[in-house]
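Q: Enclosed is the structure file structure_5.pdb (PDB, C-alpha atoms).
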```pdb
ATOM      1  CA  MET D   4      -4.957  -7.792 -14.026  1.00  0.00           C
ATOM      2  CA  THR D   5      -3.992  -4.248 -13.146  1.00  0.00           C
ATOM      3  CA  THR D   6      -0.812  -3.030 -11.482  1.00  0.00           C
ATOM      4  CA  THR D   7      -0.824   0.165  -9.422  1.00  0.00           C
ATOM      5  CA  THR D   8       2.195   1.749  -7.738  1.00  0.00           C
ATOM      6  CA  ILE D   9       1.858   4.223  -4.880  1.00  0.00           C
ATOM      7  CA  THR D  10       4.428   5.838  -2.600  1.00  0.00           C
ATOM      8  CA  VAL D  11       3.996   5.431   1.149  1.00  0.00           C
ATOM      9  CA  SER D  12       5.912   7.453   3.732  1.00  0.00           C
ATOM     10  CA  GLY D  13       6.808   6.596   7.306  1.00  0.00           C
ATOM     11  CA  MET D  14       7.544   2.868   7.157  1.00  0.00           C
ATOM     12  CA  THR D  15      10.729   1.872   8.987  1.00  0.00           C
ATOM     13  CA  CYS D  16      10.686  -1.921   9.437  1.00  0.00           C
ATOM     14  CA  GLY D  17       9.205  -5.268   8.497  1.00  0.00           C
ATOM     15  CA  HIS D  18       6.292  -4.790  10.894  1.00  0.00           C
ATOM     16  CA  CYS D  19       5.384  -1.564   9.068  1.00  0.00           C
ATOM     17  CA  VAL D  20       5.507  -3.384   5.739  1.00  0.00           C
ATOM     18  CA  ALA D  21       3.315  -6.204   7.089  1.00  0.00           C
ATOM     19  CA  SER D  22       0.708  -3.717   8.340  1.00  0.00           C
ATOM     20  CA  VAL D  23       0.484  -1.937   4.987  1.00  0.00           C
ATOM     21  CA  LYS D  24       0.371  -5.229   3.064  1.00  0.00           C
ATOM     22  CA  GLU D  25      -2.399  -6.552   5.320  1.00  0.00           C
ATOM     23  CA  GLU D  26      -4.620  -3.461   4.954  1.00  0.00           C
ATOM     24  CA  ILE D  27      -4.161  -3.088   1.190  1.00  0.00           C
ATOM     25  CA  GLY D  28      -4.433  -6.842   0.681  1.00  0.00           C
ATOM     26  CA  ALA D  29      -7.880  -6.782   2.290  1.00  0.00           C
ATOM     27  CA  LEU D  30      -9.257  -4.545  -0.477  1.00  0.00           C
ATOM     28  CA  PRO D  31     -11.562  -6.362  -2.928  1.00  0.00           C
ATOM     29  CA  GLY D  32      -9.755  -7.748  -5.978  1.00  0.00           C
ATOM     30  CA  VAL D  33      -6.214  -7.338  -4.620  1.00  0.00           C
ATOM     31  CA  SER D  34      -4.086 -10.423  -5.319  1.00  0.00           C
ATOM     32  CA  ASP D  35      -0.585  -9.171  -4.420  1.00  0.00           C
ATOM     33  CA  VAL D  36       1.092  -6.312  -2.556  1.00  0.00           C
ATOM     34  CA  ALA D  37       4.860  -5.771  -2.865  1.00  0.00           C
ATOM     35  CA  VAL D  38       6.732  -3.173  -0.796  1.00  0.00           C
ATOM     36  CA  ASP D  39      10.251  -1.946  -1.526  1.00  0.00           C
ATOM     37  CA  LEU D  40      11.093  -0.641   1.959  1.00  0.00           C
ATOM     38  CA  ASN D  41      13.151   2.540   2.125  1.00  0.00           C
ATOM     39  CA  ALA D  42      13.379   2.776   5.932  1.00  0.00           C
ATOM     40  CA  GLY D  43      12.417   6.218   7.164  1.00  0.00           C
ATOM     41  CA  GLY D  44      11.799   7.546   3.665  1.00  0.00           C
ATOM     42  CA  ASP D  45       9.289   7.083   0.895  1.00  0.00           C
ATOM     43  CA  SER D  46       8.700   3.467  -0.130  1.00  0.00           C
ATOM     44  CA  PRO D  47       7.127   2.323  -3.408  1.00  0.00           C
ATOM     45  CA  VAL D  48       4.236  -0.118  -2.998  1.00  0.00           C
ATOM     46  CA  THR D  49       3.097  -2.120  -6.031  1.00  0.00           C
ATOM     47  CA  ILE D  50      -0.402  -3.566  -5.948  1.00  0.00           C
ATOM     48  CA  THR D  51      -1.743  -6.195  -8.332  1.00  0.00           C
ATOM     49  CA  SER D  52      -5.518  -6.360  -8.578  1.00  0.00           C
ATOM     50  CA  ALA D  53      -8.303  -7.709 -10.761  1.00  0.00           C
ATOM     51  CA  ASN D  54      -9.562  -4.185 -11.533  1.00  0.00           C
ATOM     52  CA  ASP D  55      -8.499  -0.569 -11.094  1.00  0.00           C
ATOM     53  CA  LEU D  56      -8.490   0.453  -7.427  1.00  0.00           C
ATOM     54  CA  ASP D  57     -10.165   3.559  -6.089  1.00  0.00           C
ATOM     55  CA  ASP D  58      -7.603   6.112  -4.852  1.00  0.00           C
ATOM     56  CA  ALA D  59      -9.726   6.904  -1.786  1.00  0.00           C
ATOM     57  CA  ASP D  60      -9.863   3.202  -0.843  1.00  0.00           C
ATOM     58  CA  LEU D  61      -6.077   2.886  -1.172  1.00  0.00           C
ATOM     59  CA  ARG D  62      -5.484   6.004   0.919  1.00  0.00           C
ATOM     60  CA  ALA D  63      -7.926   4.778   3.572  1.00  0.00           C
ATOM     61  CA  ALA D  64      -6.196   1.374   3.764  1.00  0.00           C
ATOM     62  CA  VAL D  65      -2.742   2.943   4.147  1.00  0.00           C
ATOM     63  CA  ASP D  66      -4.125   5.412   6.708  1.00  0.00           C
ATOM     64  CA  GLU D  67      -5.662   2.520   8.673  1.00  0.00           C
ATOM     65  CA  ALA D  68      -2.182   0.935   8.800  1.00  0.00           C
ATOM     66  CA  GLY D  69      -0.852   4.200  10.242  1.00  0.00           C
ATOM     67  CA  TYR D  70       1.018   5.602   7.249  1.00  0.00           C
ATOM     68  CA  GLU D  71       0.532   8.180   4.491  1.00  0.00           C
ATOM     69  CA  VAL D  72       0.286   7.971   0.714  1.00  0.00           C
ATOM     70  CA  LYS D  73       2.472  10.656  -0.863  1.00  0.00           C
TER      71      LYS D  73
END
```
Have the structure of the file written as structure tokens, please.

A:
Amino acid sequence: MTTTTITVSGMTCGHCVASVKEEIGALPGVSDVAVDLNAGGDSPVTITSANDLDDADLRAAVDEAGYEVK
């Protein structure tokens, strides 16, 4: 198991968190996504996966949810 932490900007509510968790959670090998919401600021997102995740795939998933990786 591998744990990766990224910082996502722009999330303001539970719906935002759910969108990010859904998109990242759909990546192959991801078993858990935890978000520590800092409404309106930068929020840490911790991802647990079977293998290392590709940065481009993570950025694309967060972008698809409508937010930005810092």

Q: Would you please work out which residue, of D:Gly44, D:Ala53, D:Leu61, D:Lys73, is nearest to Gly13 (chain D) when using only C-alpha atoms?

A: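 Among the listed residues, the smallest separation from Gly13 (chain D) belongs to D:Gly44.
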
Q: Applied to this file, what does the PyMOL selection byres ((chain D and resi 56) around 10) return in terms of residues, put as a list in words?

A: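 The output of the PyMOL selection byres ((chain D and resi 56) around 10) on this file is Thr5, Thr6, Thr7, Leu30, Pro31, Gly32, Val33, Ile50, Thr51, Ser52, Ala53, Asn54, Asp55, Asp57, Asp58, Ala59, Asp60 and Leu61 of chain D.
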
Q: Name the closest residue to Val65 (chain D) among the candidates D:Leu40, D:Val23, D:Asp45, D:Ala29; distances are taken between atoms, counting all atoms listed in the file.

A: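 With all atoms listed in the file as the atom set, the closest residue is D:Val23.
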
Q: Can you translate the PyMOL selection byres ((chain D and resi 48) around 6) into the concrete residues it hits in this file, as number ranges by chain?

A: D: 8-10, 37-38, 47, 49

Q: Pick out the closest residue to Gly69 (chain D) from this set: D:Ser22, D:Asn41, D:Thr15, D:Met4. Count only C-alpha atoms.

A: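 Closest to Gly69 (chain D) of all the choices is D:Ser22.
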
Q: Work out how far CA of Ala63 (chain D) is from CA of Cys19 (chain D), in Å to one decimal.

A: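 The value is 15.7 Å.
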
Q: Return as AutoDock Vina command-line options the centre and edge lengths, in Å with one decimal, of the box along x, y and z that encloses every atom of region 15-34 of chain D in the file, padded by 4 Å per side.

A:
```
--center_x -0.4 --center_y -4.3 --center_z 2.5 --size_x 30.3 --size_y 20.3 --size_z 24.9
```

Q: One decimal, Å: what's the distance from CA of Gly28 (chain D) over to CA of Arg62 (chain D), could you say?

A: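 Value for the CA of Gly28 (chain D)-CA of Arg62 (chain D) distance: 12.9 Å.
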
Q: Tell me which of D:Val11, D:Cys16, D:Ala21, D:Val72 sits closest to Ala42 (chain D), counting only C-alpha atoms.

A: D:Cys16

Q: Mind pulling up the distance from CA of Asp39 (chain D) to CA of Asp66 (chain D)?

A: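 Pair CA of Asp66 (chain D) / CA of Asp39 (chain D) returns 18.1 Å.
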
Q: Write a file for region 13-42 of chain D, containing N, CA, C and O atoms (output as an mmCIF file, in the first residue's frame).

A:
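Final file, result14.cif:
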```cif
data_model
loop_
_atom_site.group_PDB
_atom_site.id
_atom_site.type_symbol
_atom_site.label_atom_id
_atom_site.label_comp_id
_atom_site.auth_asym_id
_atom_site.auth_seq_id
_atom_site.Cartn_x
_atom_site.Cartn_y
_atom_site.Cartn_z
ATOM 1 N N GLY D 13 -9.911 25.259 -3.859
ATOM 2 C CA GLY D 13 -11.218 25.600 -4.386
ATOM 3 C C GLY D 13 -12.405 24.880 -3.789
ATOM 4 O O GLY D 13 -13.544 25.238 -4.070
ATOM 5 N N MET D 14 -12.185 23.864 -2.971
ATOM 6 C CA MET D 14 -13.315 23.145 -2.377
ATOM 7 C C MET D 14 -13.911 23.976 -1.244
ATOM 8 O O MET D 14 -13.175 24.580 -0.464
ATOM 9 N N THR D 15 -15.249 24.015 -1.176
ATOM 10 C CA THR D 15 -15.901 24.823 -0.145
ATOM 11 C C THR D 15 -16.927 24.066 0.692
ATOM 12 O O THR D 15 -17.401 24.598 1.691
ATOM 13 N N CYS D 16 -17.301 22.842 0.275
ATOM 14 C CA CYS D 16 -18.386 22.151 0.983
ATOM 15 C C CYS D 16 -18.280 20.633 0.813
ATOM 16 O O CYS D 16 -17.402 20.128 0.114
ATOM 17 N N GLY D 17 -19.206 19.944 1.430
ATOM 18 C CA GLY D 17 -19.249 18.489 1.345
ATOM 19 C C GLY D 17 -19.449 17.969 -0.063
ATOM 20 O O GLY D 17 -18.927 16.914 -0.421
ATOM 21 N N HIS D 18 -20.213 18.699 -0.870
ATOM 22 C CA HIS D 18 -20.424 18.284 -2.266
ATOM 23 C C HIS D 18 -19.100 18.329 -3.029
ATOM 24 O O HIS D 18 -18.806 17.443 -3.827
ATOM 25 N N CYS D 19 -18.301 19.348 -2.771
ATOM 26 C CA CYS D 19 -16.979 19.473 -3.401
ATOM 27 C C CYS D 19 -16.116 18.274 -3.030
ATOM 28 O O CYS D 19 -15.473 17.656 -3.886
ATOM 29 N N VAL D 20 -16.106 17.949 -1.741
ATOM 30 C CA VAL D 20 -15.325 16.828 -1.238
ATOM 31 C C VAL D 20 -15.782 15.535 -1.917
ATOM 32 O O VAL D 20 -14.963 14.737 -2.368
ATOM 33 N N ALA D 21 -17.091 15.327 -2.009
ATOM 34 C CA ALA D 21 -17.625 14.115 -2.627
ATOM 35 C C ALA D 21 -17.200 13.997 -4.089
ATOM 36 O O ALA D 21 -16.857 12.910 -4.559
ATOM 37 N N SER D 22 -17.197 15.115 -4.802
ATOM 38 C CA SER D 22 -16.797 15.105 -6.216
ATOM 39 C C SER D 22 -15.338 14.701 -6.371
ATOM 40 O O SER D 22 -14.995 13.877 -7.226
ATOM 41 N N VAL D 23 -14.472 15.274 -5.549
ATOM 42 C CA VAL D 23 -13.045 14.956 -5.618
ATOM 43 C C VAL D 23 -12.813 13.494 -5.227
ATOM 44 O O VAL D 23 -12.066 12.771 -5.899
ATOM 45 N N LYS D 24 -13.474 13.046 -4.154
ATOM 46 C CA LYS D 24 -13.314 11.658 -3.721
ATOM 47 C C LYS D 24 -13.779 10.680 -4.794
ATOM 48 O O LYS D 24 -13.143 9.648 -5.023
ATOM 49 N N GLU D 25 -14.875 11.005 -5.464
ATOM 50 C CA GLU D 25 -15.410 10.126 -6.509
ATOM 51 C C GLU D 25 -14.433 10.006 -7.686
ATOM 52 O O GLU D 25 -14.161 8.899 -8.164
ATOM 53 N N GLU D 26 -13.907 11.127 -8.146
ATOM 54 C CA GLU D 26 -12.999 11.114 -9.307
ATOM 55 C C GLU D 26 -11.673 10.423 -8.978
ATOM 56 O O GLU D 26 -11.191 9.605 -9.758
ATOM 57 N N ILE D 27 -11.089 10.749 -7.840
ATOM 58 C CA ILE D 27 -9.819 10.107 -7.464
ATOM 59 C C ILE D 27 -10.051 8.633 -7.155
ATOM 60 O O ILE D 27 -9.251 7.776 -7.533
ATOM 61 N N GLY D 28 -11.152 8.338 -6.490
ATOM 62 C CA GLY D 28 -11.468 6.954 -6.134
ATOM 63 C C GLY D 28 -11.660 6.043 -7.325
ATOM 64 O O GLY D 28 -11.529 4.818 -7.219
ATOM 65 N N ALA D 29 -11.955 6.625 -8.492
ATOM 66 C CA ALA D 29 -12.146 5.835 -9.706
ATOM 67 C C ALA D 29 -10.819 5.440 -10.364
ATOM 68 O O ALA D 29 -10.811 4.610 -11.278
ATOM 69 N N LEU D 30 -9.712 6.012 -9.909
ATOM 70 C CA LEU D 30 -8.414 5.656 -10.479
ATOM 71 C C LEU D 30 -8.056 4.217 -10.092
ATOM 72 O O LEU D 30 -8.343 3.783 -8.972
ATOM 73 N N PRO D 31 -7.417 3.490 -10.996
ATOM 74 C CA PRO D 31 -7.054 2.090 -10.710
ATOM 75 C C PRO D 31 -6.144 1.971 -9.485
ATOM 76 O O PRO D 31 -5.181 2.722 -9.343
ATOM 77 N N GLY D 32 -6.492 1.048 -8.590
ATOM 78 C CA GLY D 32 -5.671 0.770 -7.419
ATOM 79 C C GLY D 32 -5.982 1.608 -6.195
ATOM 80 O O GLY D 32 -5.484 1.322 -5.111
ATOM 81 N N VAL D 33 -6.825 2.631 -6.337
ATOM 82 C CA VAL D 33 -7.147 3.494 -5.193
ATOM 83 C C VAL D 33 -8.144 2.787 -4.285
ATOM 84 O O VAL D 33 -9.191 2.324 -4.726
ATOM 85 N N SER D 34 -7.792 2.696 -2.978
ATOM 86 C CA SER D 34 -8.677 2.029 -2.023
ATOM 87 C C SER D 34 -9.317 3.003 -1.033
ATOM 88 O O SER D 34 -10.332 2.675 -0.422
ATOM 89 N N ASP D 35 -8.724 4.208 -0.873
ATOM 90 C CA ASP D 35 -9.302 5.173 0.062
ATOM 91 C C ASP D 35 -8.869 6.584 -0.317
ATOM 92 O O ASP D 35 -7.745 6.791 -0.783
ATOM 93 N N VAL D 36 -9.787 7.530 -0.129
ATOM 94 C CA VAL D 36 -9.495 8.948 -0.353
ATOM 95 C C VAL D 36 -10.049 9.710 0.853
ATOM 96 O O VAL D 36 -11.234 9.612 1.151
ATOM 97 N N ALA D 37 -9.173 10.435 1.553
ATOM 98 C CA ALA D 37 -9.586 11.213 2.721
ATOM 99 C C ALA D 37 -9.276 12.682 2.467
ATOM 100 O O ALA D 37 -8.162 13.026 2.067
ATOM 101 N N VAL D 38 -10.281 13.537 2.698
ATOM 102 C CA VAL D 38 -10.124 14.979 2.474
ATOM 103 C C VAL D 38 -10.293 15.707 3.800
ATOM 104 O O VAL D 38 -11.256 15.472 4.526
ATOM 105 N N ASP D 39 -9.352 16.586 4.105
ATOM 106 C CA ASP D 39 -9.447 17.453 5.275
ATOM 107 C C ASP D 39 -9.847 18.833 4.748
ATOM 108 O O ASP D 39 -8.987 19.641 4.400
ATOM 109 N N LEU D 40 -11.155 19.077 4.666
ATOM 110 C CA LEU D 40 -11.682 20.286 4.032
ATOM 111 C C LEU D 40 -11.290 21.553 4.787
ATOM 112 O O LEU D 40 -11.533 21.693 5.981
ATOM 113 N N ASN D 41 -10.682 22.473 4.060
ATOM 114 C CA ASN D 41 -10.383 23.813 4.538
ATOM 115 C C ASN D 41 -11.170 24.730 3.600
ATOM 116 O O ASN D 41 -10.644 25.171 2.580
ATOM 117 N N ALA D 42 -12.443 24.969 3.926
ATOM 118 C CA ALA D 42 -13.374 25.655 3.031
ATOM 119 C C ALA D 42 -12.799 26.952 2.476
ATOM 120 O O ALA D 42 -12.401 27.837 3.223
#
```
